[in-house]
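Here the structure comes first, spelled out in structure tokens, and everything after it is commentary.
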Amino acid sequence: VQLQASGGGLVQAGGSLRLSCAASGRTLRDYYYTGWFREAPGKEREFVARIRRDGDRAYADSVKGRFTISRDNAKNMVYLQMNGLKPEDTATYFCAVRSIMTAPWGNWGQGTQVTVSS
């Protein structure tokens, strides 16, 4: 599957953005997990959120209650609704998949930049 993230931009603290992850080549529901990660300058890539094939969701503690991951099976897309954005959310955001529960994350697509000003 090929993944393409989009929807990033510049927003003030407290604002909202919705990121989209478009998949082509395979159906996202073929994968056990679809997830969002982010990478800030000088920091390692970190987990943000994931949605399981059956719809179960999980979030990093830093975004819990502010971000929501969702999937549109008809459009073969996954979204990340980000509310209450903080300057520390500034990063490049990527989507990825895991084919089975024990597989590593892969199929990293091009990320989308999110910048939150204070």
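Letters A, B, ... mark the chains of the structure tokens in the order given; residue numbers begin at 1 per chain; ligand numbers begin at 1, in order shown.
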For this session: Write out as a list in words each polymer residue whose atoms come within 7 Å of A:Ser20, counting only C-alpha atoms; drop sequence neighbours fewer than 4 positions from it.
Result: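 Answer for this query is Ala5, Ser6, Gly7, Met77, Val78, Tyr79 and Leu80 of chain A.
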For this session: Could you tell me, as an MDAnalysis selection string, which residues of stretch 10-106 of chain A DSSP assigns to strand (DSSP E or B) when given the backbone?
Result: chainID A and resid 10:12 17:24 33:39 46:52 57:59 67:72 77:82 91:98 106
For this session: Take atom CA of A:Ala13 and atom CA of A:Asp72 and report the distance between them in Å, one decimal.
Result: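 Going from atom CA of A:Ala13 over to atom CA of A:Asp72, I get 27.8 Å.
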Problem set entry | Shell around A:Trp105 at 10 Å using only C-alpha atoms, local window under 4 positions removed, as a ChimeraX atom specification | /A:33-35,95-101
Produce a file of the selected residues containing C-alpha atoms, as a JSON list (two decimals), in the first residue's frame.
[["chain", "number", "residue", "atom", "x", "y", "z"],
["A", 33, "TYR", "CA", -3.27, -1.30, 12.44],
["A", 34, "THR", "CA", -3.16, 2.08, 10.74],
["A", 35, "GLY", "CA", -1.42, 4.74, 12.75],
["A", 95, "CYS", "CA", 0.86, 7.65, 8.64],
["A", 96, "ALA", "CA", 1.89, 4.00, 8.54],
["A", 97, "VAL", "CA", 0.44, 0.49, 8.73],
["A", 98, "ARG", "CA", 1.15, -2.82, 10.42],
["A", 99, "SER", "CA", 0.08, -5.89, 8.51],
["A", 100, "ILE", "CA", -0.26, -8.09, 11.59],
["A", 101, "MET", "CA", -0.11, -7.39, 15.30]]
For this session: Skip A:Ala49 itself and residues of its chain fewer than 3 positions away, then list as a list in words all residues within 9 Å of it, counting only C-alpha atoms.
Result: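 My list of contacting residues is Thr34, Gly35, Trp36, Phe37, Arg57, Ala58, Tyr59, Ala60, Val63, Lys64, Phe67, Thr68, Ile69 and Leu80 of chain A.
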Could you write those residues out with C-alpha atoms, as a PDB file, in the first residue's frame?
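Written out: result-v2.pdb:
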ATOM      1  CA  THR A  34      -3.158   2.082  10.738  1.00  0.00           C
ATOM      2  CA  GLY A  35      -1.419   4.737  12.747  1.00  0.00           C
ATOM      3  CA  TRP A  36      -0.168   8.283  12.965  1.00  0.00           C
ATOM      4  CA  PHE A  37       3.308   9.260  14.095  1.00  0.00           C
ATOM      5  CA  ARG A  57      -8.394   3.146  18.976  1.00  0.00           C
ATOM      6  CA  ALA A  58      -5.355   4.028  21.062  1.00  0.00           C
ATOM      7  CA  TYR A  59      -3.547   7.317  21.699  1.00  0.00           C
ATOM      8  CA  ALA A  60      -0.336   8.633  23.142  1.00  0.00           C
ATOM      9  CA  VAL A  63      -2.657  13.769  22.778  1.00  0.00           C
ATOM     10  CA  LYS A  64      -5.362  11.841  24.589  1.00  0.00           C
ATOM     11  CA  PHE A  67      -6.836  14.116  19.028  1.00  0.00           C
ATOM     12  CA  THR A  68      -9.211  11.642  17.401  1.00  0.00           C
ATOM     13  CA  ILE A  69      -8.279   9.013  14.821  1.00  0.00           C
ATOM     14  CA  LEU A  80      -6.491  12.575  12.565  1.00  0.00           C
TER      15      LEU A  80
END
Exercise. Could you pull the residues within 10 Å of stretch 87-90 of chain A, counting only C-alpha atoms, minus those fewer than 6 positions along the same chain, as a ChimeraX atom specification?
Worked result: /A:9-14,38-41,62-63,113-118
For this session: Enumerate as a PyMOL selection string all residues of chain A assigned to helix (DSSP H, G or I) by DSSP on the backbone, naming them with the chain letters and numbers the document uses.
Result: chain A and resi 28-30+87-89
Selected residues written out with C-alpha atoms, as an mmCIF file, in the first residue's frame:
data_model
loop_
_atom_site.group_PDB
_atom_site.id
_atom_site.type_symbol
_atom_site.label_atom_id
_atom_site.label_comp_id
_atom_site.auth_asym_id
_atom_site.auth_seq_id
_atom_site.Cartn_x
_atom_site.Cartn_y
_atom_site.Cartn_z
ATOM 1 C CA LEU A 28 -6.501 -0.172 4.762
ATOM 2 C CA ARG A 29 -8.757 -2.712 6.403
ATOM 3 C CA ASP A 30 -6.366 -5.390 5.114
ATOM 4 C CA PRO A 87 3.232 24.469 20.269
ATOM 5 C CA GLU A 88 4.699 21.125 21.345
ATOM 6 C CA ASP A 89 2.499 19.425 18.721
#
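Proximity to A:Gln4 was assessed for A:Tyr32, A:Gln81, A:Asn76, A:Phe47 counting only C-alpha atoms; the smallest distance is recorded for A:Asn76.
Minimum atom-to-atom distance to A:Glu44, evaluated using only C-alpha atoms, belongs to A:Ala91 out of A:Met82, A:Ala91, A:Ala23, A:Leu3.
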